[in-house]
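Colleague: Handing over query-v8.pdb, PDB, C-alpha atoms, pLDDT in the B column.
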```pdb
ATOM      1  CA  MET A   1      86.011 -18.359 169.878  1.00 52.00           C
ATOM      2  CA  VAL A   2      83.508 -15.568 170.578  1.00 60.00           C
ATOM      3  CA  ILE A   3      80.561 -16.508 172.821  1.00 74.00           C
ATOM      4  CA  LEU A   4      77.162 -14.814 172.611  1.00 81.00           C
ATOM      5  CA  TYR A   5      76.506 -14.060 176.274  1.00 89.00           C
ATOM      6  CA  MET A   6      73.221 -12.223 175.971  1.00 95.00           C
ATOM      7  CA  LYS A   7      70.389 -11.462 173.584  1.00 97.00           C
ATOM      8  CA  ILE A   8      68.351  -8.298 174.128  1.00 97.00           C
ATOM      9  CA  ASP A   9      65.027  -7.460 172.463  1.00 98.00           C
ATOM     10  CA  ILE A  10      63.555  -3.978 172.785  1.00 98.00           C
ATOM     11  CA  LEU A  11      59.874  -3.305 172.061  1.00 98.00           C
ATOM     12  CA  THR A  12      59.089   0.336 171.352  1.00 97.00           C
ATOM     13  CA  VAL A  13      56.861   2.642 169.301  1.00 96.00           C
ATOM     14  CA  PHE A  14      59.883   4.839 168.535  1.00 96.00           C
ATOM     15  CA  PRO A  15      62.614   2.519 167.196  1.00 96.00           C
ATOM     16  CA  LYS A  16      64.566   5.388 165.604  1.00 95.00           C
ATOM     17  CA  MET A  17      65.459   6.641 169.085  1.00 95.00           C
ATOM     18  CA  PHE A  18      67.890   3.736 169.356  1.00 94.00           C
ATOM     19  CA  GLN A  19      69.769   4.514 166.160  1.00 88.00           C
ATOM     20  CA  GLY A  20      73.365   5.122 167.164  1.00 86.00           C
ATOM     21  CA  SER A  21      72.860   4.311 170.848  1.00 86.00           C
ATOM     22  CA  PHE A  22      74.189   0.770 170.552  1.00 88.00           C
ATOM     23  CA  THR A  23      76.557   1.135 167.600  1.00 81.00           C
ATOM     24  CA  GLU A  24      79.241   3.226 169.299  1.00 84.00           C
ATOM     25  CA  SER A  25      81.813   2.706 172.046  1.00 86.00           C
ATOM     26  CA  LEU A  26      82.001  -0.576 173.988  1.00 87.00           C
ATOM     27  CA  ILE A  27      78.455  -1.722 173.205  1.00 90.00           C
ATOM     28  CA  GLY A  28      79.064  -1.210 169.500  1.00 89.00           C
ATOM     29  CA  LYS A  29      82.171  -3.399 169.722  1.00 88.00           C
ATOM     30  CA  ALA A  30      80.308  -6.027 171.757  1.00 90.00           C
ATOM     31  CA  THR A  31      77.517  -6.302 169.179  1.00 88.00           C
ATOM     32  CA  LYS A  32      80.013  -6.300 166.307  1.00 88.00           C
ATOM     33  CA  ASN A  33      81.946  -9.132 167.996  1.00 88.00           C
ATOM     34  CA  SER A  34      78.683 -11.036 168.713  1.00 88.00           C
ATOM     35  CA  ILE A  35      79.173 -10.955 172.483  1.00 90.00           C
ATOM     36  CA  LEU A  36      75.875  -9.103 172.729  1.00 94.00           C
ATOM     37  CA  GLN A  37      72.938  -9.156 170.322  1.00 95.00           C
ATOM     38  CA  ILE A  38      70.432  -6.275 170.365  1.00 96.00           C
ATOM     39  CA  LYS A  39      67.266  -6.140 168.279  1.00 97.00           C
ATOM     40  CA  VAL A  40      64.801  -3.235 168.304  1.00 97.00           C
ATOM     41  CA  THR A  41      61.207  -3.992 167.222  1.00 98.00           C
ATOM     42  CA  ASP A  42      58.467  -1.502 166.407  1.00 98.00           C
ATOM     43  CA  ILE A  43      55.327  -2.423 168.365  1.00 97.00           C
ATOM     44  CA  ARG A  44      53.293  -0.937 165.516  1.00 97.00           C
ATOM     45  CA  SER A  45      54.251  -3.898 163.326  1.00 97.00           C
ATOM     46  CA  PHE A  46      51.921  -5.993 165.505  1.00 97.00           C
ATOM     47  CA  SER A  47      48.945  -3.655 165.202  1.00 97.00           C
ATOM     48  CA  LYS A  48      45.938  -5.022 163.324  1.00 93.00           C
ATOM     49  CA  ASP A  49      44.611  -1.497 162.809  1.00 89.00           C
ATOM     50  CA  LYS A  50      44.865  -0.309 159.196  1.00 89.00           C
ATOM     51  CA  HIS A  51      46.555   2.873 160.440  1.00 91.00           C
ATOM     52  CA  LYS A  52      48.906   0.863 162.692  1.00 93.00           C
ATOM     53  CA  LYS A  53      47.456   2.550 165.758  1.00 94.00           C
ATOM     54  CA  VAL A  54      48.745   1.134 169.070  1.00 96.00           C
ATOM     55  CA  ASP A  55      47.208   3.516 171.626  1.00 96.00           C
ATOM     56  CA  ASP A  56      43.750   4.582 172.761  1.00 96.00           C
ATOM     57  CA  LYS A  57      41.986   6.780 175.308  1.00 95.00           C
ATOM     58  CA  PRO A  58      41.920   5.498 178.913  1.00 93.00           C
ATOM     59  CA  PHE A  59      38.772   3.904 180.319  1.00 93.00           C
ATOM     60  CA  GLY A  60      37.224   6.190 182.934  1.00 94.00           C
ATOM     61  CA  GLY A  61      38.347   9.326 181.148  1.00 92.00           C
ATOM     62  CA  GLY A  62      41.362  11.493 181.774  1.00 89.00           C
ATOM     63  CA  VAL A  63      44.144  13.001 179.723  1.00 89.00           C
ATOM     64  CA  GLY A  64      46.661  11.213 177.531  1.00 91.00           C
ATOM     65  CA  MET A  65      46.692   7.915 175.688  1.00 95.00           C
ATOM     66  CA  VAL A  66      47.459   4.341 176.793  1.00 95.00           C
ATOM     67  CA  LEU A  67      49.304   1.673 174.802  1.00 96.00           C
ATOM     68  CA  LYS A  68      46.809  -1.037 173.835  1.00 96.00           C
ATOM     69  CA  PRO A  69      47.254  -4.596 175.159  1.00 97.00           C
ATOM     70  CA  GLU A  70      46.782  -6.568 171.902  1.00 97.00           C
ATOM     71  CA  PRO A  71      49.862  -5.397 169.941  1.00 97.00           C
ATOM     72  CA  LEU A  72      51.998  -5.431 173.080  1.00 97.00           C
ATOM     73  CA  TYR A  73      50.953  -8.991 173.922  1.00 97.00           C
ATOM     74  CA  ASP A  74      51.548 -10.188 170.359  1.00 97.00           C
ATOM     75  CA  ALA A  75      54.983  -8.548 170.341  1.00 98.00           C
ATOM     76  CA  ILE A  76      55.987 -10.204 173.619  1.00 97.00           C
ATOM     77  CA  LYS A  77      54.519 -13.553 172.549  1.00 97.00           C
ATOM     78  CA  SER A  78      56.494 -13.457 169.282  1.00 97.00           C
ATOM     79  CA  LEU A  79      59.676 -13.578 171.379  1.00 96.00           C
ATOM     80  CA  GLY A  80      58.701 -16.849 173.036  1.00 92.00           C
ATOM     81  CA  VAL A  81      56.976 -15.515 176.155  1.00 92.00           C
ATOM     82  CA  LYS A  82      53.601 -16.936 177.212  1.00 78.00           C
ATOM     83  CA  LYS A  83      53.663 -16.148 180.927  1.00 81.00           C
ATOM     84  CA  LYS A  84      55.884 -14.742 183.663  1.00 82.00           C
ATOM     85  CA  ASN A  85      59.238 -16.409 184.252  1.00 80.00           C
ATOM     86  CA  SER A  86      58.125 -17.928 187.557  1.00 70.00           C
ATOM     87  CA  SER A  87      59.890 -21.291 187.279  1.00 66.00           C
ATOM     88  CA  TYR A  88      63.407 -21.509 188.725  1.00 66.00           C
ATOM     89  CA  LYS A  89      64.272 -24.410 186.434  1.00 70.00           C
ATOM     90  CA  ASN A  90      66.622 -22.917 183.822  1.00 78.00           C
ATOM     91  CA  PHE A  91      65.567 -19.543 185.252  1.00 87.00           C
ATOM     92  CA  TYR A  92      68.340 -17.459 183.683  1.00 91.00           C
ATOM     93  CA  ALA A  93      68.081 -19.211 180.314  1.00 90.00           C
ATOM     94  CA  LYS A  94      64.447 -18.205 179.787  1.00 91.00           C
ATOM     95  CA  PRO A  95      63.370 -14.826 178.365  1.00 95.00           C
ATOM     96  CA  PHE A  96      62.986 -12.243 181.147  1.00 96.00           C
ATOM     97  CA  VAL A  97      60.570  -9.384 180.440  1.00 97.00           C
ATOM     98  CA  ILE A  98      61.287  -5.909 181.847  1.00 98.00           C
ATOM     99  CA  TYR A  99      58.912  -2.958 181.766  1.00 97.00           C
ATOM    100  CA  MET A 100      60.551   0.427 182.313  1.00 96.00           C
ATOM    101  CA  SER A 101      58.172   2.235 184.653  1.00 93.00           C
ATOM    102  CA  PRO A 102      58.236   5.018 187.300  1.00 90.00           C
ATOM    103  CA  GLN A 103      56.381   2.546 189.540  1.00 92.00           C
ATOM    104  CA  GLY A 104      59.145  -0.048 189.249  1.00 95.00           C
ATOM    105  CA  LYS A 105      62.021  -1.139 191.466  1.00 96.00           C
ATOM    106  CA  THR A 106      64.720   1.543 191.552  1.00 96.00           C
ATOM    107  CA  LEU A 107      67.760   0.570 189.512  1.00 96.00           C
ATOM    108  CA  ASN A 108      70.976  -0.133 191.400  1.00 93.00           C
ATOM    109  CA  ASN A 109      74.134  -2.187 190.922  1.00 90.00           C
ATOM    110  CA  VAL A 110      72.729  -5.226 192.750  1.00 90.00           C
ATOM    111  CA  LEU A 111      69.844  -5.379 190.273  1.00 95.00           C
ATOM    112  CA  ILE A 112      72.215  -4.874 187.328  1.00 94.00           C
ATOM    113  CA  LYS A 113      74.340  -7.827 188.474  1.00 92.00           C
ATOM    114  CA  LYS A 114      71.218  -9.982 188.646  1.00 94.00           C
ATOM    115  CA  LEU A 115      70.055  -8.981 185.177  1.00 96.00           C
ATOM    116  CA  SER A 116      73.497  -9.589 183.671  1.00 94.00           C
ATOM    117  CA  LYS A 117      73.085 -13.325 184.389  1.00 94.00           C
ATOM    118  CA  PHE A 118      70.179 -13.751 181.974  1.00 95.00           C
ATOM    119  CA  LYS A 119      70.677 -15.060 178.456  1.00 95.00           C
ATOM    120  CA  HIS A 120      67.684 -13.221 176.991  1.00 96.00           C
ATOM    121  CA  LEU A 121      66.192  -9.929 178.170  1.00 97.00           C
ATOM    122  CA  ILE A 122      63.111  -8.277 176.689  1.00 98.00           C
ATOM    123  CA  PHE A 123      62.488  -4.578 177.354  1.00 98.00           C
ATOM    124  CA  VAL A 124      59.030  -3.056 176.978  1.00 98.00           C
ATOM    125  CA  CYS A 125      59.202   0.718 176.521  1.00 97.00           C
ATOM    126  CA  GLY A 126      56.083   2.471 177.707  1.00 93.00           C
ATOM    127  CA  HIS A 127      55.015   5.807 176.297  1.00 89.00           C
ATOM    128  CA  TYR A 128      52.256   8.397 176.677  1.00 86.00           C
ATOM    129  CA  GLU A 129      50.398   7.494 179.918  1.00 88.00           C
ATOM    130  CA  GLY A 130      51.937   4.016 179.972  1.00 92.00           C
ATOM    131  CA  ILE A 131      50.712   0.552 178.995  1.00 96.00           C
ATOM    132  CA  ASP A 132      47.454  -1.271 179.634  1.00 96.00           C
ATOM    133  CA  GLU A 133      47.833  -2.747 183.130  1.00 96.00           C
ATOM    134  CA  ARG A 134      46.856  -6.224 181.944  1.00 96.00           C
ATOM    135  CA  ILE A 135      50.205  -6.552 180.167  1.00 96.00           C
ATOM    136  CA  ILE A 136      51.877  -6.618 183.600  1.00 96.00           C
ATOM    137  CA  ASN A 137      50.707 -10.262 183.730  1.00 95.00           C
ATOM    138  CA  TYR A 138      53.481 -10.981 181.233  1.00 95.00           C
ATOM    139  CA  VAL A 139      56.167  -8.787 182.846  1.00 96.00           C
ATOM    140  CA  ASP A 140      58.801 -10.263 185.174  1.00 96.00           C
ATOM    141  CA  GLU A 141      60.213  -7.007 186.563  1.00 96.00           C
ATOM    142  CA  GLU A 142      59.252  -3.326 186.544  1.00 97.00           C
ATOM    143  CA  ILE A 143      62.279  -1.040 186.762  1.00 97.00           C
ATOM    144  CA  SER A 144      62.656   2.694 187.362  1.00 96.00           C
ATOM    145  CA  ILE A 145      65.883   4.667 186.923  1.00 96.00           C
ATOM    146  CA  GLY A 146      64.838   7.303 189.456  1.00 95.00           C
ATOM    147  CA  ASP A 147      62.073   9.327 191.027  1.00 93.00           C
ATOM    148  CA  TYR A 148      61.234  11.426 187.992  1.00 91.00           C
ATOM    149  CA  VAL A 149      59.243  10.968 184.786  1.00 88.00           C
ATOM    150  CA  LEU A 150      60.536  10.966 181.199  1.00 92.00           C
ATOM    151  CA  THR A 151      58.560  11.043 177.957  1.00 91.00           C
ATOM    152  CA  GLY A 152      58.917   7.284 177.533  1.00 95.00           C
ATOM    153  CA  GLY A 153      60.824   4.131 178.431  1.00 96.00           C
ATOM    154  CA  GLU A 154      63.350   4.383 175.608  1.00 97.00           C
ATOM    155  CA  ILE A 155      66.041   6.405 177.395  1.00 96.00           C
ATOM    156  CA  PRO A 156      65.722   4.360 180.631  1.00 97.00           C
ATOM    157  CA  THR A 157      66.115   1.203 178.539  1.00 97.00           C
ATOM    158  CA  MET A 158      69.336   2.591 177.062  1.00 96.00           C
ATOM    159  CA  VAL A 159      70.607   3.252 180.591  1.00 96.00           C
ATOM    160  CA  VAL A 160      69.864  -0.284 181.794  1.00 97.00           C
ATOM    161  CA  VAL A 161      71.278  -1.977 178.688  1.00 96.00           C
ATOM    162  CA  ASP A 162      74.480   0.069 178.923  1.00 92.00           C
ATOM    163  CA  SER A 163      74.919  -0.859 182.604  1.00 93.00           C
ATOM    164  CA  ILE A 164      74.281  -4.553 181.957  1.00 93.00           C
ATOM    165  CA  ALA A 165      76.585  -4.714 178.940  1.00 91.00           C
ATOM    166  CA  ARG A 166      79.569  -3.610 181.018  1.00 90.00           C
ATOM    167  CA  MET A 167      79.094  -6.673 183.213  1.00 89.00           C
ATOM    168  CA  LEU A 168      79.373  -9.157 180.345  1.00 90.00           C
ATOM    169  CA  PRO A 169      82.716 -10.933 179.855  1.00 88.00           C
ATOM    170  CA  GLY A 170      84.714  -9.423 177.017  1.00 84.00           C
ATOM    171  CA  VAL A 171      82.864  -6.095 176.809  1.00 86.00           C
ATOM    172  CA  VAL A 172      85.246  -4.167 179.072  1.00 80.00           C
ATOM    173  CA  LYS A 173      88.844  -5.113 178.296  1.00 61.00           C
ATOM    174  CA  GLU A 174      90.073  -5.120 181.905  1.00 59.00           C
ATOM    175  CA  GLU A 175      87.617  -6.939 184.181  1.00 62.00           C
ATOM    176  CA  SER A 176      89.165  -5.217 187.227  1.00 54.00           C
ATOM    177  CA  SER A 177      87.981  -1.892 185.784  1.00 53.00           C
ATOM    178  CA  VAL A 178      84.366  -2.976 186.298  1.00 53.00           C
ATOM    179  CA  GLU A 179      85.076  -4.344 189.776  1.00 55.00           C
ATOM    180  CA  ASN A 180      86.559  -1.007 190.858  1.00 53.00           C
ATOM    181  CA  ASP A 181      83.652   1.079 189.569  1.00 56.00           C
ATOM    182  CA  SER A 182      81.400   3.029 191.906  1.00 50.00           C
ATOM    183  CA  PHE A 183      78.768   0.864 193.674  1.00 58.00           C
ATOM    184  CA  TYR A 184      80.265  -2.479 192.542  1.00 61.00           C
ATOM    185  CA  ASN A 185      81.595  -3.286 196.022  1.00 71.00           C
ATOM    186  CA  GLY A 186      79.393  -0.919 197.976  1.00 77.00           C
ATOM    187  CA  PHE A 187      81.605   2.176 197.751  1.00 86.00           C
ATOM    188  CA  LEU A 188      81.881   5.119 195.422  1.00 87.00           C
ATOM    189  CA  ASP A 189      84.966   5.098 193.210  1.00 86.00           C
ATOM    190  CA  TYR A 190      88.305   6.488 194.407  1.00 90.00           C
ATOM    191  CA  PRO A 191      89.803   9.644 192.761  1.00 93.00           C
ATOM    192  CA  HIS A 192      91.672   9.189 189.466  1.00 92.00           C
ATOM    193  CA  TYR A 193      94.670  11.146 188.160  1.00 95.00           C
ATOM    194  CA  THR A 194      96.769  11.138 184.985  1.00 94.00           C
ATOM    195  CA  ARG A 195      99.612  13.175 183.470  1.00 94.00           C
ATOM    196  CA  PRO A 196     100.811  15.848 184.061  1.00 95.00           C
ATOM    197  CA  ALA A 197     101.831  15.345 187.688  1.00 95.00           C
ATOM    198  CA  VAL A 198     101.239  19.061 188.347  1.00 94.00           C
ATOM    199  CA  PHE A 199      98.340  20.969 186.769  1.00 96.00           C
ATOM    200  CA  ARG A 200      97.946  24.694 187.482  1.00 96.00           C
ATOM    201  CA  GLY A 201      99.575  24.248 190.859  1.00 96.00           C
ATOM    202  CA  HIS A 202      97.558  21.157 191.817  1.00 97.00           C
ATOM    203  CA  LYS A 203      99.772  18.109 192.446  1.00 96.00           C
ATOM    204  CA  VAL A 204      98.930  14.418 192.150  1.00 96.00           C
ATOM    205  CA  PRO A 205      99.079  12.716 195.601  1.00 96.00           C
ATOM    206  CA  ASP A 206     102.643  11.550 196.285  1.00 97.00           C
ATOM    207  CA  VAL A 207     101.568   7.995 197.041  1.00 96.00           C
ATOM    208  CA  LEU A 208     100.452   7.495 193.433  1.00 96.00           C
ATOM    209  CA  LEU A 209     103.952   8.373 192.242  1.00 96.00           C
ATOM    210  CA  SER A 210     105.689   6.158 194.815  1.00 96.00           C
ATOM    211  CA  GLY A 211     105.566   2.900 192.858  1.00 96.00           C
ATOM    212  CA  ASP A 212     104.526   1.093 196.068  1.00 97.00           C
ATOM    213  CA  HIS A 213     101.451  -0.808 194.873  1.00 96.00           C
ATOM    214  CA  LYS A 214     100.481  -1.981 198.350  1.00 96.00           C
ATOM    215  CA  LYS A 215     100.375   1.596 199.632  1.00 97.00           C
ATOM    216  CA  ILE A 216      98.550   2.748 196.494  1.00 96.00           C
ATOM    217  CA  ASP A 217      95.891   0.053 196.924  1.00 93.00           C
ATOM    218  CA  LEU A 218      95.385   0.988 200.574  1.00 96.00           C
ATOM    219  CA  TRP A 219      95.178   4.702 199.675  1.00 95.00           C
ATOM    220  CA  ARG A 220      92.526   3.985 197.034  1.00 93.00           C
ATOM    221  CA  LYS A 221      90.440   1.892 199.413  1.00 91.00           C
ATOM    222  CA  ASN A 222      90.592   4.585 202.085  1.00 94.00           C
ATOM    223  CA  GLU A 223      89.753   7.338 199.605  1.00 94.00           C
ATOM    224  CA  ALA A 224      86.777   5.333 198.312  1.00 91.00           C
ATOM    225  CA  TYR A 225      85.559   4.843 201.874  1.00 92.00           C
ATOM    226  CA  GLU A 226      85.962   8.529 202.824  1.00 95.00           C
ATOM    227  CA  ARG A 227      84.279   9.710 199.617  1.00 93.00           C
ATOM    228  CA  THR A 228      81.345   7.374 200.217  1.00 91.00           C
ATOM    229  CA  LYS A 229      81.092   8.433 203.858  1.00 93.00           C
ATOM    230  CA  LYS A 230      81.014  12.109 202.846  1.00 95.00           C
ATOM    231  CA  ARG A 231      78.822  11.972 199.735  1.00 94.00           C
ATOM    232  CA  ARG A 232      76.664   8.866 200.139  1.00 91.00           C
ATOM    233  CA  PRO A 233      76.589   7.742 203.800  1.00 92.00           C
ATOM    234  CA  ASP A 234      73.385   5.848 203.012  1.00 88.00           C
ATOM    235  CA  LEU A 235      75.445   3.350 201.008  1.00 85.00           C
ATOM    236  CA  LEU A 236      77.557   2.446 204.034  1.00 86.00           C
ATOM    237  CA  LYS A 237      74.451   1.533 206.023  1.00 80.00           C
ATOM    238  CA  ARG A 238      73.549  -1.148 203.467  1.00 70.00           C
ATOM    239  CA  PHE A 239      76.757  -3.091 203.951  1.00 61.00           C
ATOM    240  CA  ARG A 240      78.394  -4.721 206.908  1.00 47.00           C
ATOM    241  CA  SER A 241      81.453  -3.168 208.528  1.00 44.00           C
ATOM    242  CA  SER A 242      83.554  -6.025 207.137  1.00 39.00           C
ATOM    243  CA  ILE A 243      83.799  -4.213 203.803  1.00 44.00           C
ATOM    244  CA  LYS A 244      85.678  -1.297 205.369  1.00 48.00           C
ATOM    245  CA  PRO A 245      89.145  -0.869 203.874  1.00 50.00           C
ATOM    246  CA  GLU A 246      92.264  -1.985 205.673  1.00 49.00           C
ATOM    247  CA  GLY A 247      93.514   0.167 208.495  1.00 50.00           C
ATOM    248  CA  ARG A 248      90.009   1.284 209.516  1.00 51.00           C
TER     249      ARG A 248
END
```
If you convert what's in this file into structure tokens, what do you get?

Modeller:
Amino acid sequence: MVILYMKIDILTVFPKMFQGSFTESLIGKATKNSILQIKVTDIRSFSKDKHKKVDDKPFGGGVGMVLKPEPLYDAIKSLGVKKKNSSYKNFYAKPFVIYMSPQGKTLNNVLIKKLSKFKHLIFVCGHYEGIDERIINYVDEEISIGDYVLTGGEIPTMVVVDSIARMLPGVVKEESSVENDSFYNGFLDYPHYTRPAVFRGHKVPDVLLSGDHKKIDLWRKNEAYERTKKRRPDLLKRFRSSIKPEGR
């Protein structure tokens, strides 16, 4: 029996940007098998303007346009949201509204794990100069994928949805594959090799050909630790020394 683990609604003024993004690879299989349900809604369908306009000039002057509050509010409300998800009673069962914003909390694996527990996520994709600030009253979390600015929230939403989907049971065939990914346990991933054993003079480490799974596991843990120490020492500072691999 297939279980629907999560429902995702995406509110955007450019719905065509998502065509193909969620129909291929693992996410495509997850939606086809009803493990994950994704619906993209055009915010313009909630505009009361005869030209379906959803943006306007900012108060106080300045360049660019701002997404108007009325269609955004009506779009969010149509999905069963009336206020922020502040109650911890059935917290993860209630719709959780996310606004993709450069001012938001920076995305990391800890946040992805948290979001993967929800049954219903709603993504608001900003565009132009952003959304009317009053809509933040109906947003549970603002999220940024890094210290840079894109043309809109559509691509960041794709990034977050892809990361969350991998956490859902049944999306990735081998659960251990997710658990060994970079950042999952605080380290970067260890090096991977496949056939042939020798490529242009470069050999696969002997331990991986030894058949000794205990030694292979220890080698991978040590390699993950050394790679993290060399490339991302900041990650090691976030975790206690107890997560160091054996033999350290």

Colleague: What's the separation between atom CA of A:Lys48 and atom CA of A:Lys7, in Å to one decimal place?

Modeller: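 If I compute the distance from atom CA of A:Lys48 to atom CA of A:Lys7, I get 27.3 Å.
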
Colleague: Name the residues in contact with A:Asp42 at a cut-off of 9 Å, using all atoms listed in the file, excluding same-chain residues fewer than 4 positions from it; report them as a ChimeraX atom specification.

Modeller: /A:10-15,46,75

Colleague: So that I can check the surroundings of A:Glu154, please list as a PyMOL selection string every protein, DNA and RNA residue that reaches within 9 Å of it, counting all atoms listed in the file and ignoring chain neighbours fewer than 3 positions away.

Modeller: chain A and resi 10+12+14-15+17-18+100+124-127+151+157-159

Colleague: Of the candidates A:Tyr138, A:Lys214, A:Lys113, A:Val171, which shows the shortest atom-to-atom distance to A:Gly28, using only C-alpha atoms?

Modeller: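 That would be A:Val171, the residue with the smallest distance to A:Gly28.
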
Colleague: I need the residue set behind the PyMOL selection byres ((chain A and resi 106) around 9) for this file; please write it as a list in words.

Modeller: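 Applied to this file, the PyMOL selection byres ((chain A and resi 106) around 9) returns Pro102, Gln103, Gly104, Lys105, Leu107, Asn108, Leu111, Glu142, Ile143, Ser144, Ile145, Gly146 and Asp147 of chain A.
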
Colleague: Pull out every residue that the PyMOL selection byres ((chain A and resi 223) around 10) matches in the shown coordinates and put them as a list in words.

Modeller: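 Taken on the displayed file, the PyMOL selection byres ((chain A and resi 223) around 10) yields the residues Phe187, Leu188, Asp189, Tyr190, Pro191, Asp217, Leu218, Trp219, Arg220, Lys221, Asn222, Ala224, Tyr225, Glu226, Arg227, Thr228, Lys229 and Pro245 of chain A.
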